[in-house]
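Structure below is final.txt: compact mmCIF, C-alpha atoms and all ligand atoms.
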```txt
# COMPACT_ATOMS: atom_id res chain seq x y z
CA MET A 146 0.00 0.00 0.00
CA THR A 147 1.30 3.47 -0.84
CA ILE A 148 1.86 5.67 2.18
CA SER A 149 0.39 9.13 1.84
CA ASP A 150 3.18 11.72 1.56
CA SER A 151 3.60 15.44 0.98
CA LEU A 152 3.79 15.39 -2.84
CA ARG A 153 0.37 17.05 -3.12
CA TYR A 154 1.63 20.04 -1.12
CA THR A 155 4.64 20.67 -3.38
CA LYS A 156 5.43 24.33 -4.03
CA ILE A 157 7.74 25.22 -6.90
CA PRO A 158 10.03 28.25 -6.52
CA THR A 159 10.15 30.81 -9.32
CA ARG A 160 12.94 33.29 -9.76
CA GLY A 161 11.86 36.45 -7.92
CA SER A 162 8.17 35.55 -7.54
CA GLY A 163 7.94 33.27 -4.52
CA THR A 164 6.50 29.79 -4.90
CA ILE A 165 3.63 28.28 -6.85
CA PRO A 166 1.56 25.31 -5.61
CA ALA A 167 2.20 22.48 -8.07
CA VAL A 168 -1.27 20.94 -7.74
CA GLY A 169 -3.83 23.10 -9.49
CA PHE A 170 -7.55 22.97 -10.26
CA GLY A 171 -8.69 24.33 -13.62
CA THR A 172 -12.03 26.10 -13.94
CA LEU A 173 -12.77 25.63 -17.63
CA ILE A 174 -16.33 24.50 -16.82
CA PRO A 175 -19.10 25.95 -19.01
CA ASP A 176 -21.93 26.10 -16.46
CA PRO A 177 -21.44 28.75 -13.71
CA LEU A 178 -23.43 26.84 -11.09
CA VAL A 179 -21.39 23.70 -11.73
CA THR A 180 -18.24 25.85 -11.66
CA ARG A 181 -19.11 27.12 -8.19
CA GLN A 182 -19.87 23.61 -6.88
CA ALA A 183 -16.74 22.08 -8.43
CA THR A 184 -14.51 24.89 -7.17
CA ARG A 185 -15.93 24.51 -3.67
CA ALA A 186 -15.29 20.78 -3.83
CA ALA A 187 -11.73 21.42 -5.04
CA LEU A 188 -11.02 23.81 -2.16
CA GLU A 189 -12.52 21.31 0.31
CA ALA A 190 -10.37 18.53 -1.15
CA GLY A 191 -7.26 20.65 -0.54
CA PHE A 192 -6.49 22.33 -3.88
CA ARG A 193 -4.84 25.70 -3.21
CA HIS A 194 -4.15 26.78 -6.78
CA LEU A 195 -7.05 27.81 -9.02
CA ASP A 196 -6.68 28.53 -12.72
CA CYS A 197 -9.21 30.94 -14.19
CA ALA A 198 -9.66 33.03 -17.33
CA GLU A 199 -11.69 35.91 -18.63
CA ARG A 200 -12.42 33.65 -21.62
CA TYR A 201 -14.12 31.01 -19.45
CA ARG A 202 -16.86 33.55 -18.63
CA ASN A 203 -17.24 32.14 -15.12
CA GLU A 204 -14.79 34.11 -12.96
CA ALA A 205 -17.70 35.38 -10.84
CA ALA A 206 -18.72 31.81 -10.01
CA VAL A 207 -15.13 30.97 -9.01
CA GLY A 208 -15.07 34.14 -6.90
CA ASP A 209 -18.32 33.07 -5.19
CA ALA A 210 -16.82 29.67 -4.33
CA ILE A 211 -13.71 31.34 -2.88
CA GLN A 212 -15.89 33.68 -0.83
CA ASP A 213 -17.92 30.67 0.41
CA ALA A 214 -14.69 29.13 1.74
CA PHE A 215 -13.53 32.41 3.30
CA ARG A 216 -16.89 32.78 5.04
CA ALA A 217 -16.81 29.17 6.25
CA GLY A 218 -13.40 29.88 7.77
CA THR A 219 -11.80 26.98 5.86
CA LEU A 220 -9.54 29.10 3.64
CA ARG A 221 -7.21 32.03 4.15
CA ARG A 222 -6.31 34.29 1.23
CA GLN A 223 -2.59 33.87 1.84
CA ASP A 224 -2.92 30.10 1.38
CA LEU A 225 -4.57 30.39 -2.03
CA PHE A 226 -2.84 31.00 -5.39
CA VAL A 227 -5.13 32.36 -8.12
CA THR A 228 -4.17 32.63 -11.75
CA THR A 229 -6.30 34.31 -14.36
CA LYS A 230 -5.71 35.17 -18.00
CA LEU A 231 -5.84 38.08 -20.39
CA TRP A 232 -7.89 37.17 -23.46
CA ASN A 233 -6.68 37.60 -27.07
CA THR A 234 -8.97 40.58 -27.74
CA ASN A 235 -7.30 42.61 -24.98
CA HIS A 236 -3.63 42.52 -26.06
CA ARG A 237 -3.42 46.23 -26.82
CA PRO A 238 -1.72 47.97 -23.88
CA GLU A 239 -4.60 50.39 -23.21
CA ARG A 240 -7.03 47.43 -22.84
CA ILE A 241 -4.94 45.48 -20.33
CA LYS A 242 -5.54 47.33 -17.08
CA PRO A 243 -9.34 47.44 -17.58
CA ALA A 244 -9.35 43.71 -18.42
CA PHE A 245 -7.22 42.94 -15.35
CA ASP A 246 -9.40 45.03 -13.04
CA ALA A 247 -12.56 43.43 -14.44
CA SER A 248 -11.14 39.96 -13.66
CA ARG A 249 -10.25 41.06 -10.11
CA ARG A 250 -13.75 42.42 -9.66
CA ARG A 251 -15.42 39.23 -10.91
CA LEU A 252 -13.12 37.06 -8.82
CA GLN A 253 -13.77 39.34 -5.81
CA LEU A 254 -10.05 39.52 -5.09
CA ASP A 255 -7.78 42.52 -4.53
CA ASP A 256 -4.73 40.73 -5.88
CA ILE A 257 -4.08 38.19 -8.60
CA ASP A 258 -1.16 35.85 -7.90
CA CYS A 259 -0.33 35.29 -11.55
CA TYR A 260 -1.78 37.05 -14.61
CA ILE A 261 -1.16 35.18 -17.82
CA ILE A 262 -1.41 36.11 -21.49
CA HIS A 263 -3.88 33.39 -22.54
CA THR A 264 -2.37 32.91 -26.00
CA PRO A 265 0.34 34.76 -27.96
CA PHE A 266 -2.23 35.61 -30.67
CA ALA A 267 -3.84 39.06 -30.64
CA PHE A 268 -7.40 39.12 -31.97
CA GLN A 269 -9.32 42.18 -33.16
CA PRO A 270 -9.88 44.30 -30.04
CA GLY A 271 -13.45 44.56 -28.80
CA ASP A 272 -16.14 42.81 -26.81
CA GLU A 273 -16.55 39.90 -29.25
CA GLN A 274 -14.24 37.20 -27.86
CA ASP A 275 -14.23 35.21 -31.09
CA PRO A 276 -14.11 37.81 -33.89
CA ARG A 277 -14.62 36.29 -37.35
CA ASP A 278 -14.87 37.69 -40.87
CA ALA A 279 -17.72 36.86 -43.29
CA SER A 280 -15.93 33.65 -44.29
CA GLY A 281 -15.61 32.51 -40.68
CA ARG A 282 -11.88 33.27 -40.44
CA VAL A 283 -10.47 34.63 -37.19
CA ILE A 284 -9.71 38.36 -37.36
CA TYR A 285 -6.23 38.83 -35.93
CA ASP A 286 -4.80 42.15 -34.76
CA SER A 287 -1.48 43.07 -36.36
CA GLY A 288 -1.41 46.38 -34.45
CA VAL A 289 0.27 45.02 -31.33
CA THR A 290 3.24 42.74 -30.67
CA LEU A 291 3.53 40.15 -27.92
CA ALA A 292 6.46 42.11 -26.47
CA GLU A 293 4.28 45.24 -26.19
CA THR A 294 1.61 43.22 -24.38
CA TRP A 295 4.28 41.75 -22.10
CA HIS A 296 5.65 45.17 -21.18
CA ALA A 297 2.11 46.33 -20.30
CA LEU A 298 1.80 43.33 -17.95
CA GLU A 299 5.11 44.34 -16.36
CA ARG A 300 3.56 47.71 -15.58
CA LEU A 301 0.66 45.94 -13.84
CA VAL A 302 3.18 44.29 -11.54
CA ASP A 303 4.76 47.71 -10.84
CA GLU A 304 1.35 49.12 -9.88
CA GLY A 305 0.58 46.34 -7.37
CA HIS A 306 -2.37 43.91 -7.25
CA CYS A 307 -0.59 41.67 -9.77
CA LYS A 308 1.98 39.49 -8.02
CA SER A 309 3.49 37.79 -11.06
CA ILE A 310 2.95 37.35 -14.78
CA GLY A 311 3.16 34.54 -17.27
CA LEU A 312 2.38 33.17 -20.71
CA SER A 313 0.29 30.35 -22.09
CA ASP A 314 0.05 28.30 -25.28
CA ILE A 315 3.48 29.51 -26.27
CA THR A 316 6.22 27.78 -28.23
CA LEU A 317 9.78 27.59 -26.97
CA GLU A 318 10.84 29.91 -29.79
CA LYS A 319 8.38 32.67 -28.77
CA LEU A 320 9.15 32.16 -25.09
CA ARG A 321 12.86 32.74 -25.78
CA GLU A 322 11.97 36.04 -27.49
CA ILE A 323 9.97 37.27 -24.49
CA VAL A 324 12.59 36.16 -21.95
CA ALA A 325 15.19 38.07 -24.00
CA VAL A 326 13.29 41.39 -23.77
CA ALA A 327 11.57 40.97 -20.40
CA ARG A 328 12.30 43.36 -17.54
CA ILE A 329 10.17 41.06 -15.35
CA ARG A 330 10.63 37.39 -16.18
CA PRO A 331 7.62 35.10 -16.66
CA ALA A 332 6.92 33.28 -13.38
CA MET A 333 4.87 30.60 -15.13
CA VAL A 334 4.24 29.19 -18.57
CA GLN A 335 1.00 27.22 -19.02
CA VAL A 336 0.98 24.73 -21.89
CA GLU A 337 -0.64 21.43 -22.76
CA SER A 338 1.49 18.68 -21.27
CA HIS A 339 0.92 15.07 -20.12
CA PRO A 340 2.64 11.72 -20.61
CA TYR A 341 1.74 11.84 -24.33
CA LEU A 342 3.20 15.37 -24.70
CA PRO A 343 5.99 15.74 -22.14
CA GLU A 344 7.57 18.90 -23.63
CA TRP A 345 11.00 18.03 -22.18
CA GLU A 346 12.86 20.72 -24.11
CA LEU A 347 10.48 23.47 -22.97
CA LEU A 348 10.70 22.15 -19.40
CA GLU A 349 14.50 22.29 -19.52
CA PHE A 350 14.44 25.90 -20.74
CA CYS A 351 11.93 26.84 -18.01
CA ARG A 352 14.12 25.20 -15.34
CA GLU A 353 17.18 27.12 -16.52
CA HIS A 354 15.28 30.41 -16.27
CA GLY A 355 13.42 29.83 -13.01
CA ILE A 356 10.04 29.61 -14.77
CA VAL A 357 7.37 27.13 -13.61
CA LEU A 358 5.98 25.00 -16.42
CA GLN A 359 2.32 24.38 -15.68
CA ALA A 360 0.78 21.46 -17.54
CA PHE A 361 -2.83 21.78 -18.64
CA ALA A 362 -4.86 18.79 -19.83
CA ALA A 363 -2.69 16.80 -17.43
CA LEU A 364 -5.04 13.83 -17.92
CA GLY A 365 -5.31 14.31 -21.69
CA HIS A 366 -8.71 16.03 -21.39
CA ALA A 367 -10.42 12.59 -21.44
CA MET A 368 -9.77 12.38 -25.18
CA GLU A 369 -8.63 9.50 -27.38
CA PRO A 370 -6.07 8.00 -27.30
CA ASN A 371 -6.93 7.75 -23.62
CA LEU A 372 -3.71 8.06 -21.67
CA LEU A 373 -5.46 6.73 -18.56
CA ALA A 374 -5.69 3.40 -20.40
CA ASP A 375 -2.03 3.37 -21.41
CA PRO A 376 -0.54 -0.01 -20.39
CA VAL A 377 2.59 1.55 -18.84
CA ILE A 378 0.45 3.83 -16.67
CA THR A 379 -2.16 1.21 -15.73
CA ALA A 380 0.58 -1.27 -14.73
CA ILE A 381 2.20 1.31 -12.43
CA ALA A 382 -1.22 2.22 -11.01
CA GLU A 383 -1.96 -1.41 -10.20
CA ARG A 384 1.42 -1.90 -8.56
CA MET A 385 1.08 1.30 -6.49
CA HIS A 386 -2.61 0.77 -5.57
CA LYS A 387 -3.33 4.14 -7.17
CA THR A 388 -5.55 5.13 -10.11
CA PRO A 389 -4.07 5.88 -13.56
CA ALA A 390 -5.03 9.54 -13.05
CA GLN A 391 -3.07 9.67 -9.80
CA VAL A 392 -0.05 8.15 -11.54
CA ALA A 393 -0.16 10.72 -14.37
CA LEU A 394 -0.53 13.59 -11.89
CA ALA A 395 2.22 12.36 -9.53
CA TRP A 396 4.52 12.01 -12.55
CA ALA A 397 3.78 15.64 -13.47
CA VAL A 398 4.83 16.94 -10.05
CA GLN A 399 7.85 14.67 -9.65
CA ARG A 400 9.36 15.73 -12.95
CA GLY A 401 9.16 19.32 -11.78
CA THR A 402 6.01 20.75 -13.38
CA ALA A 403 2.87 22.20 -11.88
CA PHE A 404 -0.35 20.71 -13.26
CA LEU A 405 -3.98 21.59 -13.84
CA THR A 406 -6.75 19.09 -13.85
CA THR A 407 -10.50 19.61 -13.90
CA SER A 408 -13.43 17.55 -12.82
CA THR A 409 -17.02 18.26 -11.94
CA ASN A 410 -17.23 15.02 -9.99
CA PRO A 411 -16.40 15.40 -6.24
CA ARG A 412 -15.00 11.86 -6.00
CA ARG A 413 -12.58 12.49 -8.88
CA ILE A 414 -11.67 15.91 -7.52
CA GLN A 415 -10.63 14.22 -4.28
CA GLU A 416 -8.83 11.49 -6.22
CA ASN A 417 -6.86 14.04 -8.23
CA PHE A 418 -5.60 15.73 -5.08
CA ASP A 419 -4.73 12.45 -3.35
CA ILE A 420 -1.42 11.82 -5.13
CA SER A 421 1.69 10.16 -3.73
CA THR A 422 5.31 9.89 -4.81
CA LEU A 423 6.13 7.27 -7.44
CA PRO A 424 9.29 5.18 -7.18
CA GLU A 425 12.21 6.10 -9.45
CA ASP A 426 11.76 3.03 -11.67
CA ALA A 427 8.15 4.03 -12.38
CA MET A 428 9.31 7.53 -13.36
CA ARG A 429 11.90 5.96 -15.67
CA GLN A 430 9.32 3.65 -17.25
CA MET A 431 7.00 6.58 -17.90
CA ARG A 432 9.82 8.42 -19.62
CA ASP A 433 11.28 5.53 -21.60
CA ARG A 434 8.39 3.21 -22.40
CA ILE A 435 5.58 5.57 -23.37
CA THR A 436 5.99 6.27 -27.06
CA THR A 437 2.59 7.71 -28.00
CA ASN A 438 2.87 11.39 -28.85
CA VAL A 439 -0.31 13.46 -29.15
CA ARG A 440 -1.27 17.11 -28.92
CA PHE A 441 -5.00 17.31 -28.13
CA ASN A 442 -5.42 21.09 -28.35
CA ALA A 443 -4.43 23.14 -31.42
CA VAL A 444 -4.72 26.48 -29.58
CA VAL A 445 -0.94 26.85 -29.73
CA GLU A 446 -1.13 27.10 -33.55
CA THR A 447 -4.03 29.55 -33.92
CA GLY A 448 -5.00 31.11 -30.58
CA VAL A 449 -8.45 29.55 -31.00
CA PRO A 450 -9.19 27.53 -27.84
CA GLY A 451 -9.67 23.88 -28.67
CA PHE A 452 -11.63 22.88 -25.56
CA ILE A 453 -14.14 25.77 -25.45
CA PRO A 454 -17.24 25.20 -27.59
CA ARG A 455 -17.71 28.03 -30.12
CA ALA A 456 -20.83 30.11 -29.70
CA THR A 457 -23.16 29.53 -32.65
N1 LIG B 1 -4.19 27.80 -21.47
C1 LIG B 1 -5.02 27.14 -22.21
O1 LIG B 1 -5.17 27.38 -23.40
C2 LIG B 1 -5.81 26.02 -21.58
C3 LIG B 1 -6.45 25.11 -22.42
C4 LIG B 1 -7.17 24.08 -21.81
C5 LIG B 1 -7.26 23.98 -20.43
N2 LIG B 1 -6.65 24.92 -19.65
C6 LIG B 1 -6.76 24.87 -18.18
O2 LIG B 1 -6.39 23.59 -17.72
C7 LIG B 1 -7.45 23.04 -16.95
C8 LIG B 1 -7.39 21.53 -17.05
O3 LIG B 1 -7.56 21.12 -18.42
P1 LIG B 1 -8.42 19.87 -18.79
O4 LIG B 1 -9.85 20.11 -18.40
O5 LIG B 1 -8.12 19.50 -20.18
O6 LIG B 1 -7.85 18.77 -17.74
P2 LIG B 1 -7.91 17.22 -17.67
O7 LIG B 1 -7.97 16.94 -16.21
O8 LIG B 1 -6.85 16.61 -18.50
O9 LIG B 1 -9.28 16.77 -18.36
C9 LIG B 1 -10.51 16.94 -17.77
C10 LIG B 1 -11.40 15.76 -18.18
O10 LIG B 1 -10.91 14.57 -17.52
C11 LIG B 1 -11.95 13.98 -16.73
N3 LIG B 1 -11.32 13.57 -15.46
C12 LIG B 1 -10.89 14.39 -14.45
N4 LIG B 1 -10.38 13.66 -13.45
C13 LIG B 1 -10.46 12.37 -13.82
C14 LIG B 1 -10.08 11.16 -13.20
N5 LIG B 1 -9.52 11.13 -12.00
N6 LIG B 1 -10.30 9.99 -13.87
C15 LIG B 1 -10.88 10.01 -15.09
N7 LIG B 1 -11.26 11.12 -15.74
C16 LIG B 1 -11.05 12.30 -15.10
C17 LIG B 1 -12.98 15.05 -16.53
O11 LIG B 1 -14.29 14.52 -16.52
P3 LIG B 1 -15.28 14.69 -15.23
O12 LIG B 1 -15.57 16.14 -15.07
O13 LIG B 1 -16.47 13.89 -15.64
O14 LIG B 1 -14.57 14.10 -14.04
C18 LIG B 1 -12.82 15.92 -17.78
O15 LIG B 1 -13.61 15.39 -18.85
C19 LIG B 1 -8.70 23.73 -17.49
O16 LIG B 1 -9.79 23.71 -16.59
C20 LIG B 1 -8.18 25.12 -17.68
O17 LIG B 1 -8.12 25.79 -16.43
C21 LIG B 1 -5.92 25.92 -20.21
```
As structure tokens, please, write out the structure in this file.
Ligand SMILES: NC(=O)c1ccc[n+]([C@@H]2O[C@H](COP(=O)([O-])OP(=O)(O)OC[C@H]3O[C@@H](n4cnc5c(N)ncnc54)[C@H](OP(=O)(O)O)[C@@H]3O)[C@@H](O)[C@H]2O)c1
Amino acid sequence: MTISDSLRYTKIPTRGSGTIPAVGFGTLIPDPLVTRQATRAALEAGFRHLDCAERYRNEAAVGDAIQDAFRAGTLRRQDLFVTTKLWNTNHRPERIKPAFDASRRRLQLDDIDCYIIHTPFAFQPGDEQDPRDASGRVIYDSGVTLAETWHALERLVDEGHCKSIGLSDITLEKLREIVAVARIRPAMVQVESHPYLPEWELLEFCREHGIVLQAFAALGHAMEPNLLADPVITAIAERMHKTPAQVALAWAVQRGTAFLTTSTNPRRIQENFDISTLPEDAMRQMRDRITTNVRFNAVVETGVPGFIPRAT
């Protein structure tokens, strides 16, 4: 039987920005009521890192769940790490502070622990989150560069209320460009990563520069090929008396990444927090024997989020 250990409480240091809880709960849940219930269940289970986004259109529901926990006396602000994200239509510097303040207001928080550029792609500025031309093509904004957006985020840090900043859905090449011009380094980079997409090269670069790599879709977003049915993972799970999900999540933390997972099911939420350290040989097997390589989300190529249904 595996003995419960402190893996689930791992905090990863970032250069100059304190530490980030490795175990994170993602709030990409379409229904606001379900979002509030799932977030409450995540906080009760022990999750202390919540990932949010303007684009998920449910920050207020996450904020309500946080307030519920504050009121119940089960959570202190200083123990919680909240990330939220700037959407593609707000990349122009003059739009950033209003977008940031609107997220803070919806989340009912004075400070955001990490504010992330959701994707490196700027879309036509405006209230329409998914701007399209008559042929259905995304309307990009060539009037702003990623570096300009980054420098505007740096100014948010200077002004207070924004503790650290980061990037998401970014390639190693673009990340290098930002790190080269940054006055304030990214604290965190959020990308798709799981045993079928380990992103070792990006992880190595992040390590060298004191950046936390945060893996989203850490369970493969329940898509096919189902990594929770991978024979290497299921064999380790059986041996360790853990579930395949717990093996994939423990692997994520032990190799030095933070992770995000999402569930609306309280039993699975609890399961995803209840991770324990894997033996070295299991870590080696995961690295050497899993050969499937899949990217489930094409957001990194277009800026169009793969897991959010498009409004019709
Ligand atoms: N930056 C970006 O562009 C980006 C993109 C995508 C996601 N994200 C963030 O990352 C978070 C996590 O992404 P994700 O939703 O793809 O994570 P995920 O945990 O890989 O996938 C979630 C799916 O797995 C199922 N699941 C959860 N726990 C399970 C378990 N123990 N056993 C079996 N199935 C399980 C869930 O179903 P049930 O609900 O039925 O349990 C759900 O369908 C999002 O909420 C969001 O915050 C960011």
Dig up all the protein and nucleic acid residues within 12 Å of (-6.3, 46.2, -12.3) in the file frame, using all atoms listed in the file, and format them as a CSV table (one decimal) with C-alpha atoms, in the coordinates of the input.
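This is the output file out_12.csv:
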```
chain,number,residue,atom,x,y,z
A,231,LEU,CA,-5.8,38.1,-20.4
A,239,GLU,CA,-4.6,50.4,-23.2
A,240,ARG,CA,-7.0,47.4,-22.8
A,241,ILE,CA,-4.9,45.5,-20.3
A,242,LYS,CA,-5.5,47.3,-17.1
A,243,PRO,CA,-9.3,47.4,-17.6
A,244,ALA,CA,-9.4,43.7,-18.4
A,245,PHE,CA,-7.2,42.9,-15.4
A,246,ASP,CA,-9.4,45.0,-13.0
A,247,ALA,CA,-12.6,43.4,-14.4
A,248,SER,CA,-11.1,40.0,-13.7
A,249,ARG,CA,-10.2,41.1,-10.1
A,250,ARG,CA,-13.8,42.4,-9.7
A,251,ARG,CA,-15.4,39.2,-10.9
A,252,LEU,CA,-13.1,37.1,-8.8
A,254,LEU,CA,-10.0,39.5,-5.1
A,255,ASP,CA,-7.8,42.5,-4.5
A,256,ASP,CA,-4.7,40.7,-5.9
A,257,ILE,CA,-4.1,38.2,-8.6
A,260,TYR,CA,-1.8,37.0,-14.6
A,297,ALA,CA,2.1,46.3,-20.3
A,298,LEU,CA,1.8,43.3,-18.0
A,300,ARG,CA,3.6,47.7,-15.6
A,301,LEU,CA,0.7,45.9,-13.8
A,302,VAL,CA,3.2,44.3,-11.5
A,303,ASP,CA,4.8,47.7,-10.8
A,304,GLU,CA,1.4,49.1,-9.9
A,305,GLY,CA,0.6,46.3,-7.4
A,306,HIS,CA,-2.4,43.9,-7.2
A,307,CYS,CA,-0.6,41.7,-9.8
A,308,LYS,CA,2.0,39.5,-8.0
```
field: 10 Å contact set for region 315-332 of chain A, only C-alpha atoms, chain neighbours under 5 positions out, as a PyMOL selection string
entry: chain A and resi 158-165+259-266+291-293+295-296+298-300+302-303+308-310+337+344+346-348+350-351+354-358+444-446+448
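Minimum distance to ligand LIG 1 (chain B) across A:Gly171, A:Pro276, A:Pro424, A:Pro238 (counting only C-alpha atoms and all ligand atoms) occurs at A:Gly171.
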- prompt: Hey, what's within 6 Å of region 340-343 of chain A if we count only C-alpha atoms and toss same-chain stuff fewer than 3 positions away? As number ranges by chain, please?
  reply: A: 437-439
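Between atom C17 of ligand LIG 1 (chain B) and CA of Leu372 (chain A) the interatomic distance comes to 12.7 Å.
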message: For a quick check of understanding, using all atoms listed in the file, which of A:Phe192, A:Phe404, A:Phe361, A:Phe418 has the smallest distance to ligand LIG 1 (chain B)?
response: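 Answer, going by the shortest atom-to-atom distance: A:Phe361.
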message: ligand LIG 1 (chain B): which residues are within 7 Å, counting all atoms listed in the file? Reply as a VMD selection string.
response: chain A and resid 170 to 174 196 to 197 263 to 264 313 to 314 335 to 337 361 to 367 390 to 391 405 to 410 413 to 414 416 to 417 444 450 452
Would you save the residues of that selection, restricted to C-alpha atoms, as a compact mmCIF listing (two decimals), in the coordinates of the input?
```
# COMPACT_ATOMS: atom_id res chain seq x y z
CA PHE A 170 -7.55 22.97 -10.26
CA GLY A 171 -8.69 24.33 -13.62
CA THR A 172 -12.03 26.10 -13.94
CA LEU A 173 -12.77 25.63 -17.63
CA ILE A 174 -16.33 24.50 -16.82
CA ASP A 196 -6.68 28.53 -12.72
CA CYS A 197 -9.21 30.94 -14.19
CA HIS A 263 -3.88 33.39 -22.54
CA THR A 264 -2.37 32.91 -26.00
CA SER A 313 0.29 30.35 -22.09
CA ASP A 314 0.05 28.30 -25.28
CA GLN A 335 1.00 27.22 -19.02
CA VAL A 336 0.98 24.73 -21.89
CA GLU A 337 -0.64 21.43 -22.76
CA PHE A 361 -2.83 21.78 -18.64
CA ALA A 362 -4.86 18.79 -19.83
CA ALA A 363 -2.69 16.80 -17.43
CA LEU A 364 -5.04 13.83 -17.92
CA GLY A 365 -5.31 14.31 -21.69
CA HIS A 366 -8.71 16.03 -21.39
CA ALA A 367 -10.42 12.59 -21.44
CA ALA A 390 -5.03 9.54 -13.05
CA GLN A 391 -3.07 9.67 -9.80
CA LEU A 405 -3.98 21.59 -13.84
CA THR A 406 -6.75 19.09 -13.85
CA THR A 407 -10.50 19.61 -13.90
CA SER A 408 -13.43 17.55 -12.82
CA THR A 409 -17.02 18.26 -11.94
CA ASN A 410 -17.23 15.02 -9.99
CA ARG A 413 -12.58 12.49 -8.88
CA ILE A 414 -11.67 15.91 -7.52
CA GLU A 416 -8.83 11.49 -6.22
CA ASN A 417 -6.86 14.04 -8.23
CA VAL A 444 -4.72 26.48 -29.58
CA PRO A 450 -9.19 27.53 -27.84
CA PHE A 452 -11.63 22.88 -25.56
```
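What separates CA of Asp433 (chain A) from CA of Ala380 (chain A) is a distance of 14.4 Å.
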query: Between CA of Gly271 (chain A) and CA of Asn235 (chain A), what is the distance, to one decimal in Å?
result: 7.5 Å
- request: Kindly provide, as number ranges by chain, the polymer residues lying within 12 Å of (7.2, 8.7, -8.3), counting only C-alpha atoms and using the coordinates exactly as they appear in the file.
  value: A: 147, 150, 152-153, 378, 381-382, 385, 387, 391-401, 420-432
query: Near Val207 (chain A), counting only C-alpha atoms, which residues have an atom at most 10 Å away, once you skip same-chain residues fewer than 6 positions from it, shown as a PyMOL selection string?
result: chain A and resi 172+177-185+195-197+213+251-253
Residue neighbourhood Arg200 (chain A), 8 Å, all atoms listed in the file, exclusion window fewer than 5 positions, as a list of chain:residue names: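 The contact residues come out as A:Lys230, A:Trp232, A:Gln274.
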Include C-alpha atoms and write out the residues we just selected as a tab-separated table (two decimals), in the frame of the given file.
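And here is the file that came out, selection_13.tsv:
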```
chain	number	residue	atom	x	y	z
A	230	LYS	CA	-5.71	35.17	-18.00
A	232	TRP	CA	-7.89	37.17	-23.46
A	274	GLN	CA	-14.24	37.20	-27.86
```
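Considering only C-alpha atoms, the residue among A:Pro175, A:Ala187, A:Arg237, A:Val449 positioned nearest to Arg277 (chain A) is A:Val449.
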- request: Compare A:Gln269, A:Thr229, A:Asn371, A:Thr155 by their minimum atom-to-atom distance to Arg282 (chain A), counting all atoms listed in the file, and give me the closest one.
  value: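 Answer, going by the shortest atom-to-atom distance: A:Gln269.
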statement: Of A:Val168, A:Ile211, A:Ala279, A:Ile157, the one sitting nearest Arg193 (chain A) when using all atoms listed in the file is A:Val168
Need the axis-aligned box for region 425-432 of chain A with 8 Å each side, so what are the centre and edges in Å to one decimal, as lines of an AutoDock Vina configuration file?
```
center_x = 9.6
center_y = 5.7
center_z = -14.5
size_x = 21.2
size_y = 21.4
size_z = 26.2
```
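Candidate residues A:Gln223, A:Gln359, A:Glu353, A:Asp278 were compared for distance to Leu312 (chain A), and the nearest is A:Gln359, using only C-alpha atoms.
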